[in-house]
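As provided, protein12.txt (compact mmCIF, C-alpha atoms) reads as follows.
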```txt
# COMPACT_ATOMS: atom_id res chain seq x y z
CA MET A 300 163.03 76.24 105.80
CA SER A 301 164.22 77.50 102.43
CA ALA A 302 161.93 77.61 99.41
CA LEU A 303 164.19 75.06 97.74
CA LEU A 304 163.80 72.46 100.50
CA GLU A 305 160.07 73.15 100.85
CA ALA A 306 159.64 72.41 97.16
CA PHE A 307 161.60 69.16 97.48
CA ALA A 308 159.54 68.10 100.51
CA SER A 309 156.39 68.62 98.44
CA ALA A 310 157.90 66.65 95.58
CA PHE A 311 158.60 63.75 97.95
CA ASP A 312 154.95 63.57 99.03
CA ALA A 313 153.96 63.27 95.37
CA LEU A 314 156.72 60.80 94.37
CA PRO A 315 154.98 57.72 92.88
CA ALA A 316 157.95 55.39 93.33
CA ARG A 317 158.98 56.28 96.89
CA GLU A 318 157.93 52.87 98.28
CA ALA A 319 159.35 50.83 95.37
CA ALA A 320 161.94 48.12 96.12
CA GLY A 321 161.21 48.48 99.85
CA LEU A 322 162.96 51.86 99.99
CA GLY A 323 160.19 53.87 101.65
CA GLN A 324 161.80 54.19 105.09
CA THR A 325 165.25 54.79 103.61
CA ARG A 326 163.93 57.58 101.42
CA ARG A 327 162.00 59.19 104.29
CA ALA A 328 165.07 59.10 106.55
CA ALA A 329 167.20 60.77 103.87
CA LEU A 330 164.63 63.53 103.36
CA ASP A 331 164.22 64.12 107.10
CA ALA A 332 167.99 64.43 107.51
CA ALA A 333 168.20 66.95 104.67
CA LEU A 334 165.35 69.05 106.06
CA ARG A 335 166.75 68.87 109.60
CA ASP A 336 170.27 70.06 108.70
CA GLY A 337 169.28 72.42 105.89
CA LEU A 338 171.48 73.80 103.16
CA PRO A 339 175.17 74.36 103.97
CA GLY A 340 176.29 77.94 104.54
CA PRO A 341 179.60 79.73 103.92
CA ARG A 342 181.06 78.34 107.18
CA THR A 343 180.74 74.78 105.88
CA GLU A 344 184.20 74.02 104.52
CA ALA A 345 182.98 71.79 101.69
CA TRP A 346 180.76 74.62 100.37
CA LYS A 347 183.03 77.55 101.20
CA TYR A 348 183.52 78.55 97.57
CA THR A 349 180.00 77.80 96.31
CA PRO A 350 177.37 79.97 98.02
CA LEU A 351 173.79 78.69 97.78
CA ARG A 352 172.00 81.92 98.77
CA ALA A 353 170.50 82.48 95.33
CA LEU A 354 169.56 78.83 94.90
CA GLU A 355 167.81 78.43 98.25
CA ARG A 356 165.23 81.06 97.29
CA ARG A 357 164.11 79.14 94.21
CA ALA A 358 161.26 76.62 94.33
CA PHE A 359 161.85 74.03 91.64
CA ALA A 360 158.86 71.87 90.85
CA ALA A 361 159.19 68.16 90.11
CA ALA A 362 160.06 67.26 86.53
CA ASP A 363 157.19 66.80 84.10
CA ALA A 364 155.98 63.20 83.96
CA ALA A 365 155.99 63.34 80.15
CA PRO A 366 158.16 66.23 78.91
CA ALA A 367 157.51 67.69 75.48
CA ALA A 368 159.64 66.54 72.58
CA PHE A 369 163.01 68.13 71.95
CA ASP A 370 165.07 68.78 68.85
CA ALA A 371 166.62 65.44 67.88
CA ALA A 372 169.62 67.28 66.43
CA ALA A 373 170.92 67.56 70.00
CA VAL A 374 171.71 63.83 70.05
CA ALA A 375 172.19 63.19 66.34
CA GLY A 376 175.98 62.94 66.57
CA ILE A 377 176.00 60.53 69.48
CA PRO A 378 176.31 56.93 68.28
CA ALA A 379 174.55 53.82 69.57
CA PRO A 380 174.40 52.18 71.96
CA ARG A 381 172.97 55.13 73.86
CA ILE A 382 170.32 55.68 76.49
CA VAL A 383 168.67 59.09 76.57
CA PHE A 384 167.02 60.98 79.42
CA HIS A 385 165.08 64.15 78.66
CA ASN A 386 164.37 66.57 81.51
CA GLY A 387 165.11 63.78 83.94
CA ARG A 388 162.84 61.21 82.28
CA PHE A 389 163.77 58.13 80.25
CA ASP A 390 163.29 58.89 76.55
CA ALA A 391 162.63 55.64 74.70
CA ALA A 392 162.17 57.40 71.35
CA HIS A 393 165.78 58.61 71.20
CA THR A 394 167.33 55.64 72.97
CA ASP A 395 169.11 53.18 70.70
CA LEU A 396 170.65 50.11 72.31
CA SER A 397 171.63 48.42 69.06
CA GLY A 398 175.21 47.22 69.23
CA LEU A 399 175.19 46.90 73.01
CA PRO A 400 178.07 44.47 73.66
CA ALA A 401 177.21 40.93 74.70
CA GLY A 402 177.42 40.57 78.47
CA VAL A 403 176.56 44.26 79.05
CA SER A 404 173.11 45.27 80.33
CA LEU A 405 171.73 48.79 80.34
CA GLN A 406 168.28 49.85 81.49
CA PRO A 407 166.57 52.85 83.06
CA LEU A 408 166.23 52.89 86.85
CA SER A 409 162.46 53.31 86.53
CA ARG A 410 162.31 49.86 84.92
CA VAL A 411 164.45 48.37 87.70
CA LEU A 412 162.17 49.89 90.37
CA ALA A 413 159.12 48.45 88.61
CA GLY A 414 160.63 44.94 88.60
CA ASP A 415 160.20 42.16 91.12
CA ASP A 416 163.81 41.80 92.25
CA ALA A 417 164.60 44.43 94.92
CA ARG A 418 168.26 43.34 94.91
CA GLU A 419 168.68 45.03 91.53
CA ALA A 420 168.09 48.37 93.29
CA ASN A 421 170.09 47.71 96.47
CA PHE A 422 172.58 50.45 95.62
CA LEU A 423 169.81 52.96 96.38
CA ALA A 424 169.81 51.98 100.06
CA ARG A 425 173.09 53.71 100.86
CA ARG A 426 172.93 56.30 103.64
CA PHE A 427 174.68 59.67 103.70
CA GLU A 428 175.66 60.71 107.20
CA ARG A 429 177.33 64.11 106.81
CA ALA A 430 175.29 67.31 106.90
CA ASP A 431 177.21 68.74 103.93
CA GLU A 432 175.94 65.85 101.79
CA VAL A 433 172.58 67.54 101.47
CA PHE A 434 172.18 66.98 97.74
CA ALA A 435 173.15 63.31 98.08
CA ARG A 436 170.47 62.98 100.77
CA LEU A 437 167.92 64.69 98.54
CA ASN A 438 168.92 62.38 95.75
CA ALA A 439 168.47 59.36 98.03
CA ALA A 440 164.98 60.61 98.88
CA LEU A 441 163.80 61.66 95.44
CA ALA A 442 165.67 59.84 92.66
CA ASP A 443 163.34 57.65 90.61
CA GLU A 444 165.22 57.61 87.31
CA GLY A 445 168.73 57.01 86.04
CA ALA A 446 170.89 54.48 84.21
CA VAL A 447 171.77 51.02 85.51
CA LEU A 448 174.73 49.63 83.58
CA ARG A 449 176.39 46.30 84.33
CA ALA A 450 179.14 44.32 82.59
CA ASP A 451 179.59 40.61 83.29
CA ALA A 452 182.87 39.12 84.40
CA GLY A 453 185.45 38.87 81.65
CA VAL A 454 183.56 41.04 79.13
CA ARG A 455 185.96 43.24 77.19
CA ALA A 456 183.84 45.57 75.09
CA ASP A 457 185.27 47.58 72.20
CA THR A 458 182.13 49.70 71.74
CA ALA A 459 181.59 52.74 73.96
CA VAL A 460 178.26 53.08 75.78
CA HIS A 461 176.75 56.58 75.83
CA LEU A 462 174.55 58.02 78.60
CA VAL A 463 172.80 61.14 77.31
CA PHE A 464 171.01 63.75 79.45
CA VAL A 465 169.19 66.51 77.60
CA GLY A 466 167.55 69.54 79.15
CA SER A 467 165.01 71.65 77.29
CA PRO A 468 162.49 74.38 78.21
CA SER A 469 159.31 73.46 80.05
CA GLU A 470 156.64 75.36 82.00
CA GLY A 471 158.35 76.84 85.06
CA ASP A 472 161.61 75.80 86.70
CA ARG A 473 161.89 72.05 87.13
CA ALA A 474 164.23 69.81 89.06
CA TRP A 475 165.17 66.17 88.67
CA HIS A 476 167.20 63.73 90.71
CA LEU A 477 168.98 60.95 88.81
CA ARG A 478 170.77 57.95 90.31
CA HIS A 479 173.12 55.82 88.26
CA LEU A 480 175.04 52.60 88.68
CA ILE A 481 178.04 51.50 86.63
CA GLU A 482 179.18 48.05 87.75
CA LEU A 483 181.98 46.06 86.14
CA ARG A 484 182.54 42.57 87.39
CA GLU A 485 185.91 40.82 87.58
CA GLY A 486 188.10 41.33 84.55
CA ALA A 487 185.52 43.35 82.60
CA SER A 488 186.54 46.31 80.44
CA LEU A 489 184.22 49.08 79.19
CA THR A 490 184.14 52.68 77.96
CA VAL A 491 181.29 54.95 79.10
CA VAL A 492 180.62 58.53 78.00
CA GLU A 493 178.18 60.85 79.78
CA HIS A 494 176.77 63.75 77.75
CA HIS A 495 174.96 66.52 79.65
CA LEU A 496 173.47 68.74 76.96
CA ALA A 497 170.82 71.36 76.32
CA SER A 498 168.56 71.51 73.27
CA ASP A 499 167.63 75.10 74.13
CA THR A 500 167.94 77.60 76.97
CA HIS A 501 166.42 76.60 80.31
CA ASN A 502 166.88 77.15 84.05
CA HIS A 503 166.49 73.64 85.44
CA LEU A 504 168.22 72.00 88.36
CA GLY A 505 169.72 68.54 87.87
CA ASN A 506 170.96 66.55 90.86
CA SER A 507 172.74 63.32 89.92
CA LEU A 508 174.64 60.70 91.86
CA THR A 509 176.65 57.95 90.17
CA HIS A 510 177.98 54.80 91.81
CA VAL A 511 180.92 53.10 90.13
CA HIS A 512 181.85 49.61 91.33
CA LEU A 513 184.94 47.99 89.80
CA ALA A 514 185.67 44.37 90.71
CA PRO A 515 189.21 42.92 90.66
CA ASP A 516 191.08 43.55 87.38
CA ALA A 517 188.16 45.53 85.91
CA GLN A 518 188.98 48.51 83.67
CA LEU A 519 186.67 51.46 83.09
CA GLU A 520 187.18 54.49 80.85
CA HIS A 521 184.63 57.07 81.89
CA ALA A 522 184.29 60.48 80.25
CA ARG A 523 181.79 63.12 81.32
CA VAL A 524 180.98 66.18 79.21
CA GLN A 525 178.94 68.86 80.95
CA ASP A 526 177.83 71.32 78.26
CA GLU A 527 174.57 72.47 79.79
CA ALA A 528 172.46 75.57 79.08
CA LEU A 529 173.57 78.99 80.36
CA GLY A 530 170.82 79.12 83.01
CA ALA A 531 171.09 75.53 84.23
CA THR A 532 172.18 74.35 87.66
CA LEU A 533 173.90 70.97 87.84
CA ILE A 534 174.87 69.23 91.06
CA ALA A 535 176.69 65.96 90.36
CA ARG A 536 178.58 63.44 92.42
CA THR A 537 180.47 60.29 91.47
CA ASP A 538 181.49 57.71 94.07
CA ALA A 539 183.84 55.00 92.79
CA VAL A 540 185.04 51.91 94.65
CA LEU A 541 187.97 49.98 93.18
CA ALA A 542 188.94 46.42 94.08
CA ARG A 543 192.30 44.71 93.53
CA ALA A 544 194.17 45.84 90.40
CA ALA A 545 191.11 47.68 89.08
CA GLN A 546 191.79 50.64 86.81
CA TYR A 547 189.62 53.74 86.47
CA ARG A 548 190.48 56.27 83.75
CA ARG A 549 188.35 59.38 83.94
CA LEU A 550 187.89 62.67 82.09
CA ASP A 551 185.62 65.56 83.13
CA LEU A 552 184.96 68.47 80.80
CA GLU A 553 183.04 71.20 82.63
CA LEU A 554 182.03 73.51 79.78
CA GLY A 555 178.58 74.95 80.54
CA ALA A 556 175.78 75.69 83.07
CA ALA A 557 175.32 78.76 85.27
CA LEU A 558 176.23 76.79 88.39
CA SER A 559 177.96 73.42 88.22
CA ARG A 560 179.37 71.48 91.12
CA HIS A 561 180.89 68.04 90.74
CA GLU A 562 182.39 65.77 93.36
CA LEU A 563 184.55 62.83 92.30
CA ASN A 564 185.27 60.43 95.15
CA ALA A 565 187.36 57.30 94.55
CA ALA A 566 188.14 54.71 97.20
CA LEU A 567 191.11 52.51 96.22
CA HIS A 568 190.39 49.50 98.38
CA GLY A 569 192.21 46.76 96.52
CA GLU A 570 195.95 46.26 96.28
CA GLY A 571 197.27 47.76 93.06
CA ALA A 572 194.10 49.75 92.26
CA HIS A 573 194.74 52.75 90.04
CA VAL A 574 192.78 55.89 89.19
CA HIS A 575 193.93 58.30 86.48
CA ALA A 576 191.58 61.29 86.30
CA ASN A 577 191.86 64.47 84.26
CA GLY A 578 189.59 67.45 83.90
CA VAL A 579 188.97 70.93 82.52
CA LEU A 580 187.04 73.76 84.16
CA LEU A 581 186.11 76.28 81.51
CA ALA A 582 184.50 79.23 83.28
CA THR A 583 183.17 82.08 81.15
CA GLY A 584 180.67 84.90 81.48
CA ARG A 585 179.24 84.75 85.02
CA ARG A 586 179.43 80.98 85.40
CA HIS A 587 180.37 79.30 88.65
CA LEU A 588 182.14 75.93 88.35
CA ASP A 589 183.23 73.90 91.36
CA THR A 590 185.05 70.56 91.35
CA ARG A 591 186.01 68.55 94.44
CA LEU A 592 188.17 65.45 94.35
CA GLY A 593 188.39 62.99 97.21
CA ILE A 594 190.83 60.14 96.57
CA ASP A 595 191.10 57.60 99.37
CA HIS A 596 194.07 55.19 99.33
CA VAL A 597 193.12 52.19 101.45
CA GLY A 598 194.99 49.26 99.88
CA ARG A 599 198.71 48.78 99.37
CA ASP A 600 200.49 49.86 96.19
CA THR A 601 197.57 51.94 95.00
CA GLN A 602 198.08 54.85 92.63
CA CYS A 603 196.35 58.06 91.58
CA GLU A 604 197.29 60.55 88.88
CA LEU A 605 195.16 63.70 88.77
CA VAL A 606 195.58 66.47 86.20
CA TRP A 607 193.11 69.38 86.19
CA ARG A 608 193.21 72.59 84.19
CA GLY A 609 191.09 75.67 84.82
CA LEU A 610 190.30 78.74 82.72
CA GLY A 611 188.60 81.85 84.09
CA ALA A 612 187.22 84.48 81.73
CA GLY A 613 184.68 87.28 81.95
CA ARG A 614 183.38 87.59 85.52
CA SER A 615 183.27 83.86 86.18
CA ARG A 616 184.42 81.94 89.21
CA ALA A 617 186.00 78.49 89.39
CA ALA A 618 186.89 76.49 92.46
CA PHE A 619 188.96 73.30 92.72
CA HIS A 620 189.62 71.12 95.74
CA GLY A 621 191.93 68.16 95.33
CA GLY A 622 191.90 65.99 98.44
CA ILE A 623 194.12 62.89 98.71
CA LEU A 624 194.09 60.66 101.80
CA ILE A 625 196.61 57.84 102.22
CA ARG A 626 195.48 55.69 105.10
CA GLU A 627 197.55 53.71 107.56
CA GLY A 628 198.54 50.44 105.92
CA ALA A 629 198.39 51.82 102.38
CA ASP A 630 202.14 51.44 102.02
CA GLY A 631 203.60 51.72 98.56
CA SER A 632 200.94 54.21 97.46
CA ASN A 633 201.78 56.74 94.79
CA ALA A 634 199.77 59.97 94.46
CA ASP A 635 200.30 62.87 92.09
CA LEU A 636 198.05 65.91 91.69
CA SER A 637 198.53 68.82 89.29
CA ASN A 638 196.13 71.74 89.07
CA LYS A 639 197.08 74.68 86.86
CA ASN A 640 194.81 77.61 86.11
CA LEU A 641 194.78 80.56 83.74
CA LEU A 642 193.05 83.84 84.45
CA LEU A 643 192.04 85.38 81.13
CA SER A 644 190.36 88.50 82.50
CA GLU A 645 190.64 90.76 85.54
CA GLY A 646 187.07 90.03 86.62
CA ALA A 647 187.47 86.25 86.86
CA GLU A 648 188.39 84.38 90.05
CA ILE A 649 189.87 80.92 90.56
CA ASP A 650 190.38 79.27 93.95
CA THR A 651 192.43 76.09 94.22
CA GLN A 652 193.06 73.97 97.28
CA PRO A 653 195.21 70.81 97.04
CA VAL A 654 195.24 68.78 100.26
CA LEU A 655 197.47 65.78 101.08
CA GLU A 656 196.88 63.70 104.22
CA ILE A 657 199.33 60.82 104.72
CA HIS A 658 199.21 58.16 107.45
CA ALA A 659 201.43 55.49 105.87
CA ASP A 660 205.13 54.96 105.30
CA GLU A 661 206.99 54.33 102.08
CA VAL A 662 204.70 56.37 99.91
CA GLN A 663 205.30 58.86 97.13
CA ALA A 664 202.99 61.86 97.06
CA ALA A 665 203.18 65.21 95.34
CA HIS A 666 200.85 68.01 94.48
CA GLY A 667 201.08 71.36 92.76
CA ALA A 668 198.65 74.17 92.07
CA THR A 669 199.11 77.45 90.24
CA VAL A 670 196.99 80.39 89.13
CA GLY A 671 198.55 82.62 86.50
CA GLN A 672 198.26 84.10 83.05
CA LEU A 673 199.35 83.09 79.56
CA ASP A 674 203.10 82.81 79.10
CA ALA A 675 204.30 86.20 77.85
CA ASN A 676 207.38 84.65 76.21
CA ALA A 677 205.30 82.13 74.29
CA LEU A 678 202.94 84.89 73.18
CA PHE A 679 205.89 86.99 72.02
CA TYR A 680 207.35 84.02 70.12
CA LEU A 681 204.11 83.41 68.22
CA ARG A 682 203.62 87.14 67.53
CA SER A 683 207.20 87.37 66.20
CA ARG A 684 206.30 84.71 63.63
CA GLY A 685 203.34 86.60 62.33
CA VAL A 686 200.54 85.02 64.37
CA PRO A 687 197.91 87.66 65.23
CA ALA A 688 197.59 88.40 68.95
CA GLU A 689 194.11 86.92 69.37
CA ALA A 690 195.04 83.78 67.43
CA ALA A 691 198.19 83.37 69.51
CA ARG A 692 196.19 83.57 72.74
CA ALA A 693 193.71 81.03 71.39
CA LEU A 694 196.49 78.61 70.40
CA LEU A 695 198.14 78.74 73.81
CA THR A 696 194.84 78.43 75.66
CA ALA A 697 193.81 75.38 73.64
CA ALA A 698 197.19 73.71 74.13
CA PHE A 699 196.88 74.32 77.87
CA CYS A 700 193.63 72.31 78.01
CA ARG A 701 194.11 69.60 75.41
CA GLU A 702 196.68 67.56 77.29
CA THR A 703 193.93 66.43 79.66
CA VAL A 704 192.03 64.61 76.90
CA SER A 705 194.96 62.22 76.43
CA VAL A 706 193.69 60.14 79.36
CA VAL A 707 191.04 58.65 77.04
CA GLY A 708 192.44 55.65 75.19
CA ASP A 709 189.53 55.04 72.80
CA GLU A 710 190.51 57.04 69.68
CA SER A 711 186.97 57.68 68.40
CA VAL A 712 185.79 58.82 71.83
CA ARG A 713 188.86 60.99 72.27
CA ALA A 714 188.24 62.65 68.89
CA MET A 715 184.63 63.38 69.82
CA LEU A 716 185.68 64.90 73.14
CA GLU A 717 188.29 67.06 71.43
CA VAL A 718 185.56 68.46 69.17
CA ARG A 719 183.42 69.29 72.22
CA LEU A 720 186.33 70.99 73.92
CA ASN A 721 187.31 72.95 70.81
CA LEU A 722 183.75 74.25 70.34
CA ALA A 723 183.68 75.41 73.95
CA LEU A 724 187.07 77.12 73.59
CA GLU A 725 185.75 78.99 70.55
CA ARG A 726 182.99 80.39 72.78
CA LEU A 727 185.53 81.68 75.25
CA GLN A 728 185.09 85.33 76.20
CA PRO A 729 188.45 86.67 77.40
CA ALA A 730 187.21 90.12 78.32
```
Please rewrite the model in this file as structure tokens.
Amino acid sequence: MSALLEAFASAFDALPAREAAGLGQTRRAALDAALRDGLPGPRTEAWKYTPLRALERRAFAAADAAPAAFDAAAVAGIPAPRIVFHNGRFDAAHTDLSGLPAGVSLQPLSRVLAGDDAREANFLARRFERADEVFARLNAALADEGAVLRADAGVRADTAVHLVFVGSPSEGDRAWHLRHLIELREGASLTVVEHHLASDTHNHLGNSLTHVHLAPDAQLEHARVQDEALGATLIARTDAVLARAAQYRRLDLELGAALSRHELNAALHGEGAHVHANGVLLATGRRHLDTRLGIDHVGRDTQCELVWRGLGAGRSRAAFHGGILIREGADGSNADLSNKNLLLSEGAEIDTQPVLEIHADEVQAAHGATVGQLDANALFYLRSRGVPAEAARALLTAAFCRETVSVVGDESVRAMLEVRLNLALERLQPA
């Protein structure tokens, strides 16, 4: 057994909440399955581009029960309502739920697990059957914290809700497993922004799993900014289920961390369900960024629009997998995937893999993926008008990424995300 899994098995034995909400057997089964199948190797297709050899030798201890304070400046620019987690633990001191829209509830998972109603935590009982879902299994076994966000039927909130995750140094390498629920009931509308930040350098491992449930006619705008510390490892997965005419607009900005892997799975069950997801992979230095999309068209007349942009600089590596499945009976579906990538240095590597699988008639589906360099003609045009070479490259690179942010309709949120993206672009190391 690897040092990583041994450490997680020890953490399970010491987990105070493992029996809460009647989840003891479920958690034990998830851990046993993870230990039995082990970590995926290079022959596992889903992990082909993200080797875990270096990670499996590291023994991350469980997160501190009461982590030391962090610099509040890290969250100063994030407005309320916000819920803050520091090193995987709920941070009441920096949480501010003032202005939480009426009909919207937000609480930490630890509070739900300590309550009397086990039904509030029933989303934790989900099983993960595939061997390559090892981190989801570990999350099912070990997660005892996270955000539980619900919007009542018909609520149409104008105020964005912010979920903030801050990592900071602690004694030794630590790991945490967070489980989240975002549930919008029929006709509800809400904007949610996830911030994954660092208040200083650290080498922690974060393993998060988010469930998104959208009832008929619900609308969710969901942005996720991953701007973690240089030494951090972040494994994240989002599973969304959309009912009839539900709409899910999504933006992922992958800007930091040493190793970041994110899976976005969306099941379009209801007729007329629609997901519009954009993203940016900004790989610099020696970072490794991996994004996998799995869009499942089940209902009729469902639609997905996916636009991802990747940048590779320094000696970084980025991987993108865009999987779209249109099932039998999902007639009238419309799927469109675009993944374009720029290599900004000879030492960087980008792998892209769009996959379309169609089992229905009368559908429209298209995908495109490219890996190239900045347009020489555009560079020449800018240079001919007196723009210095480095500034011209920066302008074209920024323009290449910024179109993705347009998926966010909330103007104040979009402006904040543009600032985050611009700061990350300024850190770009082309050579």
With distances taken over all atoms listed in the file, which residue among A:Glu344, A:Pro407, A:Leu412, A:Leu399 lies nearest Pro315 (chain A)?
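Checking each candidate against Pro315 (chain A), we get A:Leu412 as the closest.
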Show me the residues close to (187.3, 84.5, 86.7) - anything with an atom within 10 Å, counting all atoms listed in the file - and format the list as a VMD selection string.
chain A and resid 581 to 587 609 to 618 641 to 650 729
Tell me which residues come within 7 Å of (200.1, 76.3, 90.1), as a short mmCIF file (atom, residue, chain, number, x, y, z; two decimals) with C-alpha atoms, in the frame of the given file, counting only C-alpha atoms in the file's coordinates.
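Result file is part-v1.cif:
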```
data_model
loop_
_atom_site.label_atom_id
_atom_site.label_comp_id
_atom_site.auth_asym_id
_atom_site.auth_seq_id
_atom_site.Cartn_x
_atom_site.Cartn_y
_atom_site.Cartn_z
CA ASN A 638 196.13 71.74 89.07
CA LYS A 639 197.08 74.68 86.86
CA ASN A 640 194.81 77.61 86.11
CA GLY A 667 201.08 71.36 92.76
CA ALA A 668 198.65 74.17 92.07
CA THR A 669 199.11 77.45 90.24
CA VAL A 670 196.99 80.39 89.13
#
```
Leaving out Arg548 (chain A) and any residue of its chain fewer than 3 positions from it, which residues lie within 12 Å of it when counting only C-alpha atoms, given as a PyMOL selection string?
chain A and resi 488-492+511+513+517-523+539+541+545+551+565+572-578+602-606+703-709
Nearest candidate to Asp395 (chain A) (options A:His461, A:Ala364, A:Phe311, A:Ser683; using only C-alpha atoms):
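Checking each candidate against Asp395 (chain A), we get A:His461 as the closest.
For the residues A:Ala345, A:Leu720, A:Ala420, A:Val579, ranking by smallest atom-to-atom distance to Glu562 (chain A) using all atoms listed in the file places A:Ala345 first.
Considering all atoms listed in the file, the residue among A:Ala328, A:Ala372, A:Leu624, A:Ala535 positioned nearest to Ala566 (chain A) is A:Leu624.
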With distances taken over all atoms listed in the file, which of A:Ala353, A:Ala375, A:Ala320, A:Ala474 is nearest to Ala413 (chain A)?
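Of the candidates, the smallest distance to Ala413 (chain A) is held by A:Ala320.
Among the candidate residues A:Arg425, A:Arg418, A:Arg455, A:His476, the one lying nearest to Leu314 (chain A) is A:His476, with distances computed using all atoms listed in the file.
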Quick one: residues within 9 Å of Arg357 (chain A), all atoms listed in the file, excluding same-chain residues fewer than 6 positions away - as a CSV table (one decimal) with C-alpha atoms, in the frame of the given file?
```csv
chain,number,residue,atom,x,y,z
A,301,SER,CA,164.2,77.5,102.4
A,302,ALA,CA,161.9,77.6,99.4
A,303,LEU,CA,164.2,75.1,97.7
A,306,ALA,CA,159.6,72.4,97.2
A,472,ASP,CA,161.6,75.8,86.7
```
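You will find CA of Gly321 (chain A) at 7.2 Å from CA of Ala417 (chain A).
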Please complete region 610-615 of chain A so it has all heavy atoms, and hand it over as a PDB file, keeping the file's coordinate frame.
```pdb
ATOM      1  N   LEU A 610     190.247  77.463  83.437  1.00  0.00           N
ATOM      2  CA  LEU A 610     190.300  78.740  82.720  1.00  0.00           C
ATOM      3  C   LEU A 610     189.225  79.646  83.302  1.00  0.00           C
ATOM      4  O   LEU A 610     188.078  79.234  83.471  1.00  0.00           O
ATOM      5  CB  LEU A 610     190.033  78.543  81.227  1.00  0.00           C
ATOM      6  CG  LEU A 610     191.045  77.744  80.412  1.00  0.00           C
ATOM      7  CD1 LEU A 610     190.541  77.573  78.983  1.00  0.00           C
ATOM      8  CD2 LEU A 610     192.395  78.446  80.412  1.00  0.00           C
ATOM      9  N   GLY A 611     189.574  80.885  83.581  1.00  0.00           N
ATOM     10  CA  GLY A 611     188.600  81.850  84.090  1.00  0.00           C
ATOM     11  C   GLY A 611     188.554  83.073  83.199  1.00  0.00           C
ATOM     12  O   GLY A 611     189.565  83.762  83.030  1.00  0.00           O
ATOM     13  N   ALA A 612     187.391  83.312  82.612  1.00  0.00           N
ATOM     14  CA  ALA A 612     187.220  84.480  81.730  1.00  0.00           C
ATOM     15  C   ALA A 612     185.981  85.252  82.170  1.00  0.00           C
ATOM     16  O   ALA A 612     185.180  84.774  82.976  1.00  0.00           O
ATOM     17  CB  ALA A 612     187.078  84.021  80.275  1.00  0.00           C
ATOM     18  N   GLY A 613     185.832  86.453  81.603  1.00  0.00           N
ATOM     19  CA  GLY A 613     184.680  87.280  81.950  1.00  0.00           C
ATOM     20  C   GLY A 613     184.665  87.593  83.438  1.00  0.00           C
ATOM     21  O   GLY A 613     185.677  87.975  84.029  1.00  0.00           O
ATOM     22  N   ARG A 614     183.507  87.390  84.072  1.00  0.00           N
ATOM     23  CA  ARG A 614     183.380  87.590  85.520  1.00  0.00           C
ATOM     24  C   ARG A 614     183.002  86.266  86.190  1.00  0.00           C
ATOM     25  O   ARG A 614     182.220  86.215  87.129  1.00  0.00           O
ATOM     26  CB  ARG A 614     182.324  88.668  85.803  1.00  0.00           C
ATOM     27  CG  ARG A 614     182.683  90.025  85.207  1.00  0.00           C
ATOM     28  CD  ARG A 614     181.682  91.079  85.586  1.00  0.00           C
ATOM     29  NE  ARG A 614     181.666  91.304  87.021  1.00  0.00           N
ATOM     30  CZ  ARG A 614     180.820  92.131  87.622  1.00  0.00           C
ATOM     31  NH1 ARG A 614     179.937  92.790  86.904  1.00  0.00           N
ATOM     32  NH2 ARG A 614     180.863  92.298  88.934  1.00  0.00           N
ATOM     33  N   SER A 615     183.584  85.204  85.683  1.00  0.00           N
ATOM     34  CA  SER A 615     183.270  83.860  86.180  1.00  0.00           C
ATOM     35  C   SER A 615     184.074  83.554  87.442  1.00  0.00           C
ATOM     36  O   SER A 615     184.995  84.275  87.831  1.00  0.00           O
ATOM     37  CB  SER A 615     183.608  82.837  85.101  1.00  0.00           C
ATOM     38  OG  SER A 615     185.003  82.856  84.843  1.00  0.00           O
TER      39      SER A 615
END
```
